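One file, coords01.cif, carrying mmCIF, C-alpha atoms:
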```cif
data_start
#
loop_
_atom_site.group_PDB
_atom_site.id
_atom_site.type_symbol
_atom_site.label_atom_id
_atom_site.label_comp_id
_atom_site.auth_asym_id
_atom_site.auth_seq_id
_atom_site.Cartn_x
_atom_site.Cartn_y
_atom_site.Cartn_z
ATOM 1 C CA MET A 1 0.000 0.000 0.000
ATOM 2 C CA ASP A 2 1.373 3.389 -0.964
ATOM 3 C CA THR A 3 0.617 6.089 1.566
ATOM 4 C CA PRO A 4 1.179 9.741 0.815
ATOM 5 C CA GLU A 5 3.868 11.853 2.403
ATOM 6 C CA ASN A 6 1.653 14.915 2.900
ATOM 7 C CA TRP A 7 0.245 14.178 6.361
ATOM 8 C CA GLN A 8 -1.729 17.020 7.921
ATOM 9 C CA LYS A 9 -3.016 17.557 11.419
ATOM 10 C CA SER A 10 -5.522 19.926 12.930
ATOM 11 C CA SER A 11 -4.369 23.378 13.927
ATOM 12 C CA TYR A 12 -5.886 22.576 17.338
ATOM 13 C CA SER A 13 -3.140 19.988 17.870
ATOM 14 C CA GLY A 14 -0.432 22.559 18.492
ATOM 15 C CA PHE A 15 2.924 22.819 16.809
ATOM 16 C CA GLY A 16 5.779 20.402 16.264
ATOM 17 C CA ASP A 17 5.950 16.650 15.881
ATOM 18 C CA GLY A 18 5.746 15.841 19.586
ATOM 19 C CA ASN A 19 2.009 16.372 19.980
ATOM 20 C CA ASP A 20 -0.324 13.373 19.941
ATOM 21 C CA CYS A 21 -3.003 13.899 17.346
ATOM 22 C CA LEU A 22 -4.870 12.377 14.447
ATOM 23 C CA GLU A 23 -3.244 13.000 11.086
ATOM 24 C CA LEU A 24 -4.893 12.821 7.673
ATOM 25 C CA ALA A 25 -3.497 12.374 4.168
ATOM 26 C CA SER A 26 -5.261 11.711 0.896
ATOM 27 C CA THR A 27 -4.755 10.256 -2.539
ATOM 28 C CA PRO A 28 -7.232 10.676 -5.408
ATOM 29 C CA THR A 29 -9.369 7.723 -4.233
ATOM 30 C CA THR A 30 -8.580 7.132 -0.558
ATOM 31 C CA LEU A 31 -8.144 8.802 2.798
ATOM 32 C CA HIS A 32 -5.419 7.721 5.208
ATOM 33 C CA LEU A 33 -5.657 8.301 8.962
ATOM 34 C CA ARG A 34 -3.025 7.681 11.602
ATOM 35 C CA GLU A 35 -2.239 8.560 15.197
ATOM 36 C CA SER A 36 0.889 10.696 15.368
ATOM 37 C CA ASP A 37 2.421 8.616 18.157
ATOM 38 C CA THR A 38 2.032 5.370 16.110
ATOM 39 C CA PRO A 39 2.588 6.507 12.514
ATOM 40 C CA ALA A 40 3.199 3.002 11.174
ATOM 41 C CA THR A 41 -0.447 2.074 11.811
ATOM 42 C CA VAL A 42 -2.575 3.584 9.053
ATOM 43 C CA LEU A 43 -6.329 3.281 8.587
ATOM 44 C CA THR A 44 -7.346 3.599 4.952
ATOM 45 C CA THR A 45 -10.882 4.363 3.807
ATOM 46 C CA THR A 46 -12.802 6.136 1.074
ATOM 47 C CA PRO A 47 -14.639 9.436 1.562
ATOM 48 C CA ALA A 48 -18.169 7.970 1.751
ATOM 49 C CA PRO A 49 -17.754 5.788 4.883
ATOM 50 C CA LEU A 50 -15.848 8.534 6.684
ATOM 51 C CA THR A 51 -18.600 11.014 5.820
ATOM 52 C CA HIS A 52 -21.223 8.626 7.267
ATOM 53 C CA LEU A 53 -19.193 8.230 10.459
ATOM 54 C CA LEU A 54 -18.771 11.981 10.918
ATOM 55 C CA ASP A 55 -22.469 12.599 10.211
ATOM 56 C CA ALA A 56 -23.418 10.010 12.852
ATOM 57 C CA ILE A 57 -21.061 11.585 15.392
ATOM 58 C CA ARG A 58 -22.512 15.042 14.723
ATOM 59 C CA ALA A 59 -26.087 13.730 14.966
ATOM 60 C CA HIS A 60 -25.425 12.267 18.425
ATOM 61 C CA ALA A 61 -23.274 15.078 19.799
ATOM 62 C CA LEU A 62 -24.570 16.696 22.975
#
```
Let me see whether you can do it: turn the structure in this file into structure tokens.
Amino acid sequence: MDTPENWQKSSYSGFGDGNDCLELASTPTTLHLRESDTPATVLTTTPAPLTHLLDAIRAHAL
């Protein structure tokens, strides 16, 4: 599996590489997610399932 080199993290995560956060990278057909403190473990998905997950989280947010 080829993963991109352009990992991005939220501006809420602070600065530098030492902060634990969720990072996101994309290719034309897939999204790649990883935890910054375990970068070798990558979750790969397509936009549709991630959109459904985020919609469900928003719908149940207090």
Original post:
Between atom CA of A:Asp55 and atom CA of A:Glu5, what is the spacing in Å?
Top reply: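 For atom CA of A:Glu5 relative to atom CA of A:Asp55, the distance reads 27.5 Å.
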**OP:** Between atom CA of A:Pro28 and atom CA of A:Thr44, measure the distance and give it in Å to one decimal.
**Re:**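 Atom CA of A:Thr44 lies at a distance of 12.5 Å from atom CA of A:Pro28.
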Kindly resolve the PyMOL selection byres ((chain A and resi 7) around 9) on the present coordinates and return the residues as a compact mmCIF listing (two decimals) with C-alpha atoms, in the coordinates of the input.
```
# COMPACT_ATOMS: atom_id res chain seq x y z
CA PRO A 4 1.18 9.74 0.82
CA GLU A 5 3.87 11.85 2.40
CA ASN A 6 1.65 14.92 2.90
CA GLN A 8 -1.73 17.02 7.92
CA LYS A 9 -3.02 17.56 11.42
CA GLU A 23 -3.24 13.00 11.09
CA LEU A 24 -4.89 12.82 7.67
CA ALA A 25 -3.50 12.37 4.17
CA SER A 26 -5.26 11.71 0.90
CA HIS A 32 -5.42 7.72 5.21
CA LEU A 33 -5.66 8.30 8.96
CA ARG A 34 -3.02 7.68 11.60
```
**OP:** Compare A:Ser36, A:Thr41, A:Thr51, A:Thr46 by their minimum atom-to-atom distance to A:Leu22, counting all atoms listed in the file, and give me the closest one.
**Re:**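 Ranking A:Ser36, A:Thr41, A:Thr51, A:Thr46 by distance to A:Leu22, first place goes to A:Ser36.
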**OP:** Determine the residue membership of the PyMOL selection byres ((chain A and resi 37) around 8) for the file above and supply it as number ranges by chain.
**Re:** A: 19-21, 35-36, 38-39
Please, could you write that set of residues out with C-alpha atoms as a PDB file, keeping the file's coordinate frame?
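Below is the file selection_28.pdb, written as the result:
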```pdb
ATOM      1  CA  ASN A  19       2.009  16.372  19.980  1.00  0.00           C
ATOM      2  CA  ASP A  20      -0.324  13.373  19.941  1.00  0.00           C
ATOM      3  CA  CYS A  21      -3.003  13.899  17.346  1.00  0.00           C
ATOM      4  CA  GLU A  35      -2.239   8.560  15.197  1.00  0.00           C
ATOM      5  CA  SER A  36       0.889  10.696  15.368  1.00  0.00           C
ATOM      6  CA  THR A  38       2.032   5.370  16.110  1.00  0.00           C
ATOM      7  CA  PRO A  39       2.588   6.507  12.514  1.00  0.00           C
TER       8      PRO A  39
END
```
**OP:** Provide the atom CA of A:Pro47 to atom CA of A:Ser11 distance in Å, to one decimal place.
**Re:**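 It comes out at 21.3 Å.
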